[in-house]
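query_14.cif (mmCIF, C-alpha atoms) appears below.
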```
data_final
loop_
_atom_site.label_atom_id
_atom_site.label_comp_id
_atom_site.auth_asym_id
_atom_site.auth_seq_id
_atom_site.Cartn_x
_atom_site.Cartn_y
_atom_site.Cartn_z
CA MET X 611 34.69 -5.55 0.58
CA ASN X 612 32.01 -7.05 2.80
CA LEU X 613 29.71 -5.32 5.24
CA THR X 614 31.97 -5.55 8.29
CA GLU X 615 35.04 -4.41 6.34
CA THR X 616 33.49 -1.17 5.11
CA THR X 617 35.54 1.68 6.58
CA ASP X 618 34.04 4.91 7.88
CA GLU X 619 35.96 6.74 5.15
CA ALA X 620 34.48 4.56 2.42
CA ARG X 621 31.05 4.89 3.95
CA ASP X 622 31.30 8.67 4.09
CA SER X 623 32.57 8.90 0.52
CA ALA X 624 29.71 6.76 -0.71
CA GLY X 625 27.25 8.93 1.17
CA LEU X 626 25.30 5.86 2.21
CA ALA X 627 24.66 4.15 5.52
CA ARG X 628 25.72 0.62 6.29
CA PRO X 629 22.88 -1.90 6.24
CA ASP X 630 23.04 -1.88 10.06
CA ASP X 631 21.95 1.76 9.85
CA LEU X 632 19.25 1.27 7.21
CA ALA X 633 16.22 1.70 9.48
CA THR X 634 17.65 4.97 10.77
CA ALA X 635 18.90 6.08 7.35
CA LEU X 636 15.46 5.67 5.79
CA LEU X 637 14.11 8.23 8.25
CA THR X 638 16.73 10.86 7.41
CA ALA X 639 15.98 13.62 4.92
CA GLU X 640 18.15 11.85 2.34
CA GLY X 641 16.55 8.47 2.94
CA ARG X 642 13.04 9.88 2.77
CA ARG X 643 13.88 11.75 -0.43
CA ASP X 644 15.39 8.71 -2.18
CA PRO X 645 15.65 5.36 -0.38
CA TYR X 646 16.67 3.39 -3.47
CA PRO X 647 20.47 3.82 -3.19
CA PHE X 648 20.24 2.44 0.34
CA TYR X 649 18.29 -0.58 -0.90
CA ALA X 650 20.82 -1.14 -3.68
CA ARG X 651 23.71 -1.22 -1.25
CA MET X 652 21.90 -3.66 1.03
CA ARG X 653 21.12 -5.96 -1.92
CA ARG X 654 24.81 -5.99 -2.84
CA GLU X 655 26.36 -6.33 0.60
CA ASP X 656 23.88 -8.06 2.91
CA PRO X 657 20.62 -8.99 1.14
CA VAL X 658 19.38 -11.13 4.05
CA HIS X 659 20.34 -8.83 6.90
CA ARG X 660 19.61 -9.10 10.62
CA SER X 661 19.40 -5.67 12.19
CA ALA X 662 20.63 -4.69 15.62
CA GLN X 663 16.99 -4.98 16.78
CA GLY X 664 16.85 -8.57 15.60
CA ILE X 665 14.61 -7.84 12.59
CA TRP X 666 15.45 -9.44 9.25
CA TYR X 667 15.58 -7.24 6.12
CA LEU X 668 15.07 -9.03 2.77
CA THR X 669 15.85 -7.03 -0.37
CA ARG X 670 16.39 -9.47 -3.26
CA TYR X 671 13.54 -10.25 -5.64
CA ALA X 672 14.00 -14.03 -5.58
CA ASP X 673 14.10 -14.17 -1.77
CA VAL X 674 11.06 -11.96 -1.26
CA GLU X 675 9.01 -13.61 -4.00
CA ALA X 676 9.59 -16.99 -2.36
CA ALA X 677 9.00 -15.63 1.15
CA LEU X 678 5.60 -14.22 0.18
CA SER X 679 4.38 -17.75 -0.61
CA ASP X 680 6.20 -19.57 2.19
CA PRO X 681 3.85 -20.71 5.00
CA ARG X 682 6.77 -20.57 7.43
CA LEU X 683 6.59 -16.77 7.18
CA SER X 684 3.34 -15.91 8.90
CA ASN X 685 0.92 -13.02 8.83
CA ASP X 686 -0.99 -14.22 11.89
CA ARG X 687 -2.09 -11.50 14.28
CA ASP X 688 -1.19 -13.35 17.48
CA ARG X 689 2.26 -14.40 16.25
CA MET X 690 2.92 -10.83 15.09
CA THR X 691 1.96 -9.34 18.45
CA CYS X 692 4.24 -11.80 20.29
CA ALA X 693 7.14 -11.02 17.95
CA TYR X 694 6.84 -7.27 18.47
CA SER X 695 6.45 -7.78 22.23
CA ALA X 696 9.70 -9.75 22.30
CA LEU X 697 11.50 -6.69 20.91
CA GLY X 698 10.25 -4.49 23.75
CA GLY X 699 9.14 -0.89 23.38
CA ASP X 700 5.67 0.61 23.39
CA LEU X 701 3.40 -1.76 21.50
CA LYS X 702 0.14 -0.47 22.91
CA ALA X 703 -1.01 0.98 19.60
CA PHE X 704 -0.10 -2.12 17.59
CA SER X 705 -1.70 -4.60 20.01
CA ARG X 706 -4.88 -2.63 20.53
CA LEU X 707 -5.35 -2.05 16.82
CA THR X 708 -4.89 -5.70 15.86
CA ASP X 709 -7.23 -6.78 18.64
CA ARG X 710 -9.77 -4.24 17.43
CA LEU X 711 -9.66 -5.53 13.86
CA GLY X 712 -10.19 -9.11 14.93
CA ARG X 713 -9.14 -12.05 12.81
CA VAL X 714 -9.54 -10.98 9.21
CA MET X 715 -7.88 -11.88 5.92
CA SER X 716 -5.02 -9.46 6.41
CA ASN X 717 -3.87 -10.97 9.70
CA THR X 718 -4.56 -14.71 9.35
CA ASP X 719 -2.80 -17.64 7.70
CA PRO X 720 -4.14 -20.59 5.68
CA PRO X 721 -6.45 -22.42 6.06
CA GLU X 722 -8.39 -19.69 7.91
CA HIS X 723 -7.15 -17.04 5.50
CA ALA X 724 -8.18 -19.13 2.49
CA ARG X 725 -11.72 -19.47 3.84
CA LEU X 726 -12.15 -15.73 4.41
CA ARG X 727 -10.46 -14.85 1.12
CA LYS X 728 -12.67 -17.22 -0.86
CA LEU X 729 -15.81 -15.70 0.60
CA ALA X 730 -14.63 -12.14 -0.12
CA ASN X 731 -13.57 -13.11 -3.65
CA ARG X 732 -17.14 -14.14 -4.44
CA ALA X 733 -18.27 -10.58 -3.82
CA PHE X 734 -15.18 -8.62 -4.91
CA THR X 735 -15.14 -9.85 -8.52
CA ALA X 736 -13.28 -8.52 -11.55
CA ARG X 737 -16.64 -7.78 -13.18
CA ARG X 738 -17.73 -5.67 -10.22
CA VAL X 739 -14.45 -3.73 -10.24
CA GLU X 740 -14.50 -3.07 -13.99
CA ALA X 741 -18.12 -1.92 -13.75
CA LEU X 742 -16.83 1.02 -11.67
CA ARG X 743 -14.75 2.48 -14.52
CA ASP X 744 -17.37 4.98 -15.72
CA GLY X 745 -18.11 6.07 -12.17
CA ILE X 746 -14.41 6.54 -11.44
CA GLN X 747 -14.11 8.62 -14.60
CA ARG X 748 -16.96 10.88 -13.45
CA ILE X 749 -15.34 11.33 -10.04
CA VAL X 750 -11.93 12.13 -11.53
CA ASP X 751 -13.38 14.63 -14.01
CA HIS X 752 -15.33 16.33 -11.22
CA LEU X 753 -12.25 16.59 -8.99
CA ILE X 754 -10.13 18.01 -11.81
CA ASP X 755 -12.89 20.49 -12.74
CA GLU X 756 -12.97 21.75 -9.14
CA ALA X 757 -9.18 22.03 -8.97
CA VAL X 758 -8.92 23.93 -12.25
CA ALA X 759 -11.74 26.29 -11.24
CA ALA X 760 -9.96 27.08 -7.96
CA GLY X 761 -6.87 28.54 -9.61
CA PRO X 762 -3.67 27.97 -11.58
CA THR X 763 -2.08 25.67 -8.99
CA MET X 764 -3.21 22.64 -7.02
CA ASP X 765 -1.95 20.15 -4.51
CA LEU X 766 -2.59 16.92 -6.41
CA ILE X 767 -2.79 14.89 -3.20
CA GLU X 768 -5.45 17.09 -1.63
CA ALA X 769 -7.36 17.89 -4.83
CA VAL X 770 -7.49 14.52 -6.59
CA ALA X 771 -5.42 11.66 -5.19
CA SER X 772 -6.81 11.69 -1.65
CA PRO X 773 -10.56 12.18 -2.26
CA LEU X 774 -10.66 9.74 -5.19
CA PRO X 775 -10.32 6.33 -3.44
CA LEU X 776 -12.70 7.23 -0.63
CA SER X 777 -15.33 8.41 -3.11
CA VAL X 778 -14.90 5.22 -5.15
CA VAL X 779 -15.03 2.85 -2.20
CA CYS X 780 -18.14 4.57 -0.85
CA GLU X 781 -19.81 4.02 -4.21
CA LEU X 782 -18.63 0.39 -4.29
CA PHE X 783 -19.94 -0.34 -0.80
CA GLY X 784 -23.11 1.72 -1.14
CA ILE X 785 -22.17 4.32 1.46
CA PRO X 786 -24.47 7.34 0.94
CA PRO X 787 -22.67 10.43 -0.45
CA GLU X 788 -23.95 12.56 2.42
CA ASP X 789 -22.02 10.32 4.85
CA LEU X 790 -18.73 10.83 3.00
CA PRO X 791 -17.46 13.76 5.16
CA GLN X 792 -17.95 11.78 8.36
CA VAL X 793 -16.31 8.66 6.91
CA LYS X 794 -13.38 10.82 5.79
CA THR X 795 -13.01 12.19 9.33
CA TRP X 796 -12.89 8.65 10.73
CA PHE X 797 -10.26 7.62 8.17
CA HIS X 798 -8.14 10.65 9.10
CA ARG X 799 -8.25 9.66 12.77
CA PHE X 800 -7.31 6.04 12.01
CA GLY X 801 -4.08 7.35 10.49
CA ARG X 802 -3.18 9.15 13.72
CA LEU X 803 -3.17 5.98 15.81
CA SER X 804 0.36 6.45 17.14
CA GLU X 805 -0.32 10.11 18.01
CA ASP X 806 -3.56 9.69 19.94
CA ILE X 807 -4.69 6.11 20.32
CA ASP X 808 -7.74 7.00 22.40
CA LYS X 809 -9.20 9.27 19.71
CA SER X 810 -8.31 6.72 17.05
CA GLU X 811 -10.10 3.96 18.93
CA GLU X 812 -13.10 6.19 19.48
CA ALA X 813 -13.23 6.73 15.71
CA ILE X 814 -12.91 2.97 15.12
CA ASP X 815 -15.81 2.34 17.52
CA GLN X 816 -18.01 4.89 15.73
CA TYR X 817 -17.05 3.57 12.31
CA GLU X 818 -17.79 -0.03 13.30
CA GLU X 819 -21.19 1.00 14.68
CA TYR X 820 -21.88 2.79 11.41
CA LEU X 821 -20.90 -0.27 9.34
CA ALA X 822 -23.04 -2.51 11.56
CA ARG X 823 -26.06 -0.30 10.82
CA LEU X 824 -25.31 -0.51 7.08
CA VAL X 825 -25.11 -4.31 7.28
CA ARG X 826 -28.48 -4.47 9.04
CA ARG X 827 -30.02 -2.24 6.36
CA ARG X 828 -28.63 -4.40 3.54
CA ARG X 829 -30.02 -7.53 5.15
CA ALA X 830 -33.45 -5.92 5.19
CA ASP X 831 -33.14 -4.18 1.82
CA PRO X 832 -30.28 -5.48 -0.40
CA GLY X 833 -28.84 -3.30 -3.14
CA ASP X 834 -26.24 -3.62 -5.91
CA ASP X 835 -23.26 -2.92 -3.68
CA LEU X 836 -20.45 -4.88 -2.07
CA ILE X 837 -21.93 -4.97 1.44
CA SER X 838 -25.10 -6.51 -0.02
CA ALA X 839 -22.95 -9.03 -1.92
CA LEU X 840 -21.07 -9.98 1.25
CA VAL X 841 -24.34 -10.33 3.16
CA ALA X 842 -25.64 -12.61 0.39
CA THR X 843 -22.42 -14.62 0.52
CA GLN X 844 -22.84 -15.06 4.27
CA ALA X 845 -26.42 -16.22 3.78
CA ARG X 846 -25.22 -18.92 1.35
CA ASP X 847 -22.34 -19.99 3.57
CA ASP X 848 -22.81 -19.55 7.30
CA ARG X 849 -19.09 -20.09 7.97
CA LEU X 850 -18.71 -16.29 7.73
CA THR X 851 -19.70 -15.06 11.18
CA ASP X 852 -21.24 -11.66 11.86
CA SER X 853 -17.97 -10.51 13.42
CA GLU X 854 -15.98 -11.69 10.38
CA LEU X 855 -18.44 -10.02 8.02
CA LEU X 856 -18.06 -6.71 9.84
CA SER X 857 -14.26 -7.00 10.02
CA THR X 858 -14.09 -7.89 6.32
CA CYS X 859 -16.11 -4.79 5.44
CA PHE X 860 -13.87 -2.69 7.70
CA VAL X 861 -10.65 -3.90 6.09
CA LEU X 862 -11.86 -3.83 2.48
CA ILE X 863 -13.19 -0.28 2.81
CA THR X 864 -10.20 1.07 4.70
CA ALA X 865 -7.17 -0.76 3.31
CA GLY X 866 -6.91 0.70 -0.20
CA ASP X 867 -7.37 4.35 0.73
CA GLU X 868 -3.79 5.52 1.34
CA THR X 869 -2.22 3.05 -1.08
CA THR X 870 -4.33 4.27 -4.00
CA THR X 871 -3.79 7.91 -3.06
CA HIS X 872 -0.04 7.57 -3.21
CA LEU X 873 0.05 5.28 -6.23
CA VAL X 874 -1.45 8.28 -8.06
CA GLY X 875 0.80 10.82 -6.31
CA ASN X 876 4.07 8.91 -6.66
CA GLY X 877 3.18 7.93 -10.21
CA MET X 878 2.48 11.48 -11.39
CA LEU X 879 5.67 12.73 -9.77
CA ALA X 880 7.67 10.03 -11.59
CA LEU X 881 6.12 11.00 -14.93
CA LEU X 882 6.80 14.70 -14.38
CA ARG X 883 10.42 13.90 -13.59
CA HIS X 884 10.70 11.82 -16.77
CA PRO X 885 9.27 14.04 -19.53
CA ASP X 886 10.17 11.56 -22.27
CA GLN X 887 7.90 8.96 -20.68
CA LEU X 888 5.19 11.54 -20.05
CA THR X 889 5.29 12.47 -23.72
CA LEU X 890 5.14 8.80 -24.68
CA LEU X 891 1.97 8.31 -22.62
CA ARG X 892 0.41 11.50 -23.94
CA GLU X 893 1.01 10.36 -27.52
CA ASP X 894 -0.23 6.82 -26.84
CA PRO X 895 -3.04 6.82 -24.22
CA ALA X 896 -3.56 3.08 -24.76
CA LEU X 897 -0.29 2.60 -22.90
CA ILE X 898 -1.90 3.56 -19.59
CA ARG X 899 -2.35 0.04 -18.19
CA ALA X 900 1.30 -0.87 -18.70
CA ALA X 901 2.24 2.61 -17.50
CA VAL X 902 0.50 2.14 -14.15
CA ASP X 903 2.27 -1.18 -13.60
CA GLU X 904 5.61 0.48 -14.31
CA LEU X 905 4.79 3.42 -12.02
CA ALA X 906 3.86 0.95 -9.27
CA ARG X 907 7.18 -0.86 -9.78
CA TYR X 908 9.26 2.28 -9.96
CA ASP X 909 8.11 3.94 -6.72
CA THR X 910 5.61 1.82 -4.81
CA PRO X 911 3.72 3.37 -1.88
CA THR X 912 4.14 0.11 0.07
CA GLN X 913 7.89 -0.05 0.53
CA ALA X 914 7.87 -3.10 2.80
CA ILE X 915 5.53 -5.56 4.47
CA VAL X 916 6.03 -7.50 7.68
CA ARG X 917 6.02 -11.23 8.35
CA VAL X 918 6.86 -13.26 11.45
CA VAL X 919 8.80 -16.52 11.31
CA ALA X 920 6.48 -19.38 12.33
CA GLU X 921 9.10 -22.09 11.78
CA ASP X 922 12.86 -21.88 11.28
CA VAL X 923 13.61 -21.19 7.63
CA GLU X 924 16.80 -20.72 5.63
CA ILE X 925 16.91 -17.82 3.18
CA GLY X 926 20.03 -16.81 1.29
CA GLY X 927 22.25 -18.91 3.53
CA ARG X 928 20.91 -17.34 6.74
CA THR X 929 18.63 -19.05 9.26
CA LEU X 930 15.59 -17.07 10.37
CA ARG X 931 14.42 -18.37 13.73
CA GLU X 932 10.87 -18.95 14.91
CA GLY X 933 9.41 -15.80 16.47
CA GLU X 934 11.65 -13.34 14.61
CA LEU X 935 10.29 -10.57 12.41
CA ALA X 936 11.10 -10.19 8.72
CA TYR X 937 10.63 -6.99 6.72
CA LEU X 938 10.15 -7.82 3.05
CA PHE X 939 11.26 -4.73 1.11
CA LEU X 940 9.05 -4.80 -1.98
CA ALA X 941 10.52 -1.51 -3.19
CA ALA X 942 14.01 -3.02 -3.15
CA THR X 943 12.90 -6.09 -5.10
CA ASN X 944 11.32 -3.87 -7.74
CA ARG X 945 14.77 -2.38 -8.47
CA ASP X 946 16.68 -5.68 -8.37
CA PRO X 947 18.94 -5.85 -11.48
CA GLU X 948 18.80 -9.65 -11.33
CA ARG X 949 15.10 -9.39 -12.21
CA PHE X 950 14.72 -6.07 -14.08
CA GLU X 951 16.98 -4.71 -16.78
CA ASP X 952 18.18 -1.18 -16.00
CA PRO X 953 15.86 -1.13 -12.96
CA ASP X 954 16.40 2.52 -12.00
CA ARG X 955 15.05 3.67 -15.36
CA LEU X 956 11.34 4.46 -15.76
CA ASP X 957 10.22 2.56 -18.85
CA LEU X 958 6.50 2.50 -19.64
CA ASN X 959 7.14 -0.18 -22.26
CA ARG X 960 9.02 -2.45 -19.86
CA PRO X 961 8.44 -6.11 -20.84
CA GLY X 962 7.66 -8.83 -18.31
CA ASN X 963 6.93 -6.38 -15.52
CA ARG X 964 6.21 -8.81 -12.68
CA HIS X 965 6.77 -6.36 -9.84
CA LEU X 966 5.83 -7.25 -6.27
CA SER X 967 4.14 -3.98 -5.29
CA PHE X 968 0.84 -5.77 -4.55
CA GLY X 969 2.51 -8.80 -3.00
CA ASN X 970 2.44 -12.38 -4.20
CA GLY X 971 1.03 -15.71 -3.10
CA PRO X 972 -2.03 -16.20 -0.87
CA HIS X 973 -1.93 -12.63 0.47
CA PHE X 974 -1.77 -10.96 -2.96
CA CYS X 975 -3.65 -7.69 -2.53
CA LEU X 976 -7.36 -8.26 -3.12
CA GLY X 977 -7.85 -4.56 -3.84
CA GLY X 978 -4.92 -4.34 -6.25
CA PRO X 979 -7.06 -4.38 -9.43
CA LEU X 980 -9.26 -1.58 -8.04
CA ALA X 981 -6.23 0.50 -7.04
CA LYS X 982 -4.72 0.08 -10.50
CA LEU X 983 -8.01 0.93 -12.21
CA GLN X 984 -8.28 4.17 -10.22
CA ALA X 985 -4.68 5.06 -11.07
CA GLU X 986 -5.28 4.31 -14.75
CA VAL X 987 -8.25 6.67 -14.87
CA ALA X 988 -6.68 9.40 -12.71
CA VAL X 989 -3.23 9.47 -14.33
CA GLY X 990 -4.62 9.01 -17.85
CA THR X 991 -7.12 11.84 -17.39
CA LEU X 992 -4.59 14.24 -15.86
CA VAL X 993 -2.18 13.63 -18.73
CA ARG X 994 -4.91 14.08 -21.33
CA ARG X 995 -6.73 17.08 -19.86
CA LEU X 996 -3.78 19.09 -18.52
CA PRO X 997 -1.10 19.09 -21.24
CA HIS X 998 1.00 21.74 -19.46
CA LEU X 999 1.01 20.05 -16.09
CA ARG X 1000 4.31 20.47 -14.21
CA LEU X 1001 5.74 20.78 -10.72
CA ALA X 1002 5.08 24.17 -9.18
CA ASP X 1003 8.10 26.48 -9.12
CA GLY X 1004 10.05 26.08 -5.91
CA ALA X 1005 7.96 23.11 -4.80
CA ALA X 1006 9.51 21.38 -1.81
CA LEU X 1007 8.52 17.73 -1.59
CA ASP X 1008 7.94 16.39 1.92
CA TRP X 1009 7.92 12.61 2.26
CA ARG X 1010 6.21 11.23 5.36
CA PRO X 1011 8.64 9.66 7.86
CA ASN X 1012 7.66 5.99 7.61
CA PRO X 1013 10.25 3.54 6.22
CA LEU X 1014 7.57 0.97 5.36
CA GLN X 1015 5.56 3.42 3.25
CA ARG X 1016 6.46 6.09 0.68
CA ARG X 1017 3.91 8.85 0.72
CA LEU X 1018 4.02 12.53 -0.18
CA ALA X 1019 2.48 15.03 2.21
CA ALA X 1020 1.65 17.22 -0.83
CA LEU X 1021 2.39 17.47 -4.56
CA PRO X 1022 2.14 21.13 -5.73
CA LEU X 1023 1.46 21.42 -9.46
CA THR X 1024 0.73 24.12 -12.01
CA TYR X 1025 -1.11 23.58 -15.27
#
```

Rewritten as C-alpha cells:
Amino acid sequence: MNLTETTDEARDSAGLARPDDLATALLTAEGRRDPYPFYARMRREDPVHRSAQGIWYLTRYADVEAALSDPRLSNDRDRMTCAYSALGGDLKAFSRLTDRLGRVMSNTDPPEHARLRKLANRAFTARRVEALRDGIQRIVDHLIDEAVAAGPTMDLIEAVASPLPLSVVCELFGIPPEDLPQVKTWFHRFGRLSEDIDKSEEAIDQYEEYLARLVRRRRADPGDDLISALVATQARDDRLTDSELLSTCFVLITAGDETTTHLVGNGMLALLRHPDQLTLLREDPALIRAAVDELARYDTPTQAIVRVVAEDVEIGGRTLREGELAYLFLAATNRDPERFEDPDRLDLNRPGNRHLSFGNGPHFCLGGPLAKLQAEVAVGTLVRRLPHLRLADGAALDWRPNPLQRRLAALPLTY
C-alpha cells in the first residue's frame, strides 16, 4: 500500500502520521517522545518526500550520504535566505541572524568554504583537541563533585551536560574563567532568537565586541589558545579577513555548545534505558570510544540539517528543483536497516558504525572530535563514579519542541 492509498483506519491503527503530516507529527507529544517510528514509516513509504510546504524530506542513508557531498545541494547563506523567503512566513529571525554571522564556513559553499575550512583546520588540530583531555577530566570531576555534594538527586543537563562544553571551549579559546558567567548569559540569549530577536541581537553585538577585544589582545600578546592560533594563521595568510576571523571565532565557540550538551544527555538516557549495555560499559571502560559513536548514532541531538537546491538534481527517482529546500534527516539515516543491522537496538559493540550524526563531505563537523571527546570523558566518568545512577522516580522527560533537534529540557537522576 503506497502513501496515497493509506486509509484513515489503517493510519489510526498504526498510530502514526502519514509522511505529509511528519513535520506536525514530530511536534506532538508522541513525536517529541519518540520520532523514530515516524522516520521508519517515511523511509518505507516515501523516502524522498515533498511536503505540502514544498520542502523535501530525505530519510534513507544512501540518499543523505550522497546529498551531503553533492555540490548541487548548497549551504550558502544567500541561497538559503531566498529559499525560505519563497515559502513565505516570518523570516525576520532567520535573515537577521544569517546576516549577523556573515559569510563563514557553516553558510558557504566551495571554493569559499574550502578556503575558510583550511585556515581553521590549521588551528583546530587533532593534537590541540586531544591535549584538552586532562582539562576536560578535571572539569567533569569538579561538576560531578558539586552535584553529589548538593544532594541525592541531580538534573544531569543543568549539573554536568550544559556547563561542560562552555567551560571546555572557554579553556580552548583562552576566555578567562571570570568571564564565563557573562558568556553563558550571551549563549542563553542566542538560543531565544525566535522569542525576542531584539534581545538576542543585543547579546550578539555584545559578544562580538567582546571577541574583538580578545582578538586585539592576542595580536598584542599571543598565548597557547585557539584565538592566538587563528590570529597566527591570519598573519601567515592574509586571505582571512578581520571580519572572517571574528566570524570564525564566533561560530567555533558557539556551535558545539548545545550539540555536546545533548550528546551527553541523550547518551546517558539511552544507557540508563538499556541496562545490559550500561553494564557492558561499566565492565569494560575501554569501550567508551565505540560507545559514544553508538550513542551518537542511536539518538543524535542533530536530527536533521538543511540544504537548498542550487541546481536541479534527481534523488531516488524524484527531481528536486533549484531553489527548493531539502531537510536531510540524519536521525532517520542512522536507523536505516539497509545500512545498520537491527538499527533500533543499542549495541556498543556495533561494527562498521559509519553514522551520519556529524555530517559527511566538505561540511563534516569540524568540532565533532571535540564533542565526542567531551562525551567520552563525561559518560565514562559518570558510569565509573556513580555505579547506582538511575532515572529519578517519577521523572517526566520533556523534549524541546524542535523537529530538527532532539534535546531534553532536563534529565533527573538519582545516584

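Residue nearest Leu891 (chain X), chosen from X:Val916, X:Leu790, X:Ala639, X:Met878 and counting all atoms listed in the file: X:Met878.
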
message = Please list, as a PyMOL selection string, the residues that have an atom at most 12 Å away from (17.9, 6.1, -14.0) in the coordinates of this file, counting only C-alpha atoms.
response = chain X and resi 646-647+880+883-884+908+945+951-957

request  = Could you give me, as an NGL selection string, the residues within 9 Å of Ser777 (chain X), counting all atoms listed in the file and dropping anything in the same chain fewer than 4 positions from it?
outcome  = :X and (746 or 749 or 773 or 781-782 or 787 or 790)

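Minimum atom-to-atom distances from X:Asp644, X:Glu921, X:Asp903, X:Asp686 to Ala985 (chain X) were compared using all atoms listed in the file, and the lowest value belongs to X:Asp903.
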
request  = May I have the residues within 9 Å of Leu824 (chain X) as a PyMOL selection string, using all atoms listed in the file and disregarding those fewer than 6 positions away in the same chain?
outcome  = chain X and resi 784-785+837

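Rounded to one decimal, CA of Val758 (chain X) and CA of Gly875 (chain X) lie 17.4 Å from each other.
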
key: Residue neighbourhood Leu774 (chain X), 9 Å, only C-alpha atoms, exclusion window fewer than 5 positions, as an MDAnalysis selection string   = chainID X and resid 746 749:750 753 769 779 867 870:871 984 988

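Nearest residue to Leu888 (chain X) among X:Arg799, X:Val989, X:Val919, X:Thr858 is X:Val989, counting only C-alpha atoms.
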
inquiry  = Please enumerate the residues selected by the PyMOL selection byres ((chain X and resi 934) around 9) when evaluated against the supplied file, formatted as a PyMOL selection string.
reply    = chain X and resi 664-666+693-694+696+917-920+930-933+935-936

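Between CA of Leu636 (chain X) and CA of Thr943 (chain X) there is a distance of 16.2 Å.
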
request  = Check what the PyMOL selection byres ((chain X and resi 866) around 10) selects in the file above and give those residues as a count of residues only.
outcome  = 19

Enclose the full set of atoms of region 972-991 of chain X listed in the file within a box whose edges lie along x, y and z, apply 6 Å of padding to each of the six sides, and report centre and edge lengths in Å to one decimal as AutoDock Vina command-line options.
```
--center_x -5.5 --center_y -2.2 --center_z -8.7 --size_x 19.5 --size_y 40.0 --size_z 30.3
```

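Computed from the coordinates, the CA of Asp831 (chain X) to CA of Glu788 (chain X) distance equals 19.1 Å.
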
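With all atoms listed in the file as the basis for measurement, X:Tyr1025 is the residue among X:Tyr1025, X:Leu678, X:Ala822, X:Gln913 that approaches Ala759 (chain X) most closely.
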
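Residue nearest Ala676 (chain X) within the list X:Pro1022, X:Gly926, X:Leu1007, X:Glu948: X:Gly926 [criterion: smallest interatomic distance, only C-alpha atoms].
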
inquiry  = Nearest residue to Phe950 (chain X) out of X:His872, X:Arg907, X:Gln792, X:Val987, using only C-alpha atoms?
reply    = X:Arg907

What residues come out when you apply the PyMOL selection byres ((chain X and resi 1019) around 6) to this file, written as a PDB file with C-alpha atoms, in the frame of the given file?
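Now in selection_24.pdb:
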```pdb
ATOM      1  CA  ASP X1008       7.940  16.390   1.920  1.00  0.00           C
ATOM      2  CA  TRP X1009       7.920  12.610   2.260  1.00  0.00           C
ATOM      3  CA  LEU X1018       4.020  12.530  -0.180  1.00  0.00           C
ATOM      4  CA  ALA X1020       1.650  17.220  -0.830  1.00  0.00           C
TER       5      ALA X1020
END
```

Write out as a PDB file with C-alpha atoms, keeping the file's coordinate frame which residues come within 9 Å of Arg828 (chain X) when counting only C-alpha atoms, dropping same-chain ones fewer than 4 positions away.
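Just written: out-v8.pdb:
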```pdb
ATOM      1  CA  ARG X 823     -26.060  -0.300  10.820  1.00  0.00           C
ATOM      2  CA  LEU X 824     -25.310  -0.510   7.080  1.00  0.00           C
ATOM      3  CA  PRO X 832     -30.280  -5.480  -0.400  1.00  0.00           C
ATOM      4  CA  GLY X 833     -28.840  -3.300  -3.140  1.00  0.00           C
ATOM      5  CA  ILE X 837     -21.930  -4.970   1.440  1.00  0.00           C
ATOM      6  CA  SER X 838     -25.100  -6.510  -0.020  1.00  0.00           C
ATOM      7  CA  VAL X 841     -24.340 -10.330   3.160  1.00  0.00           C
TER       8      VAL X 841
END
```
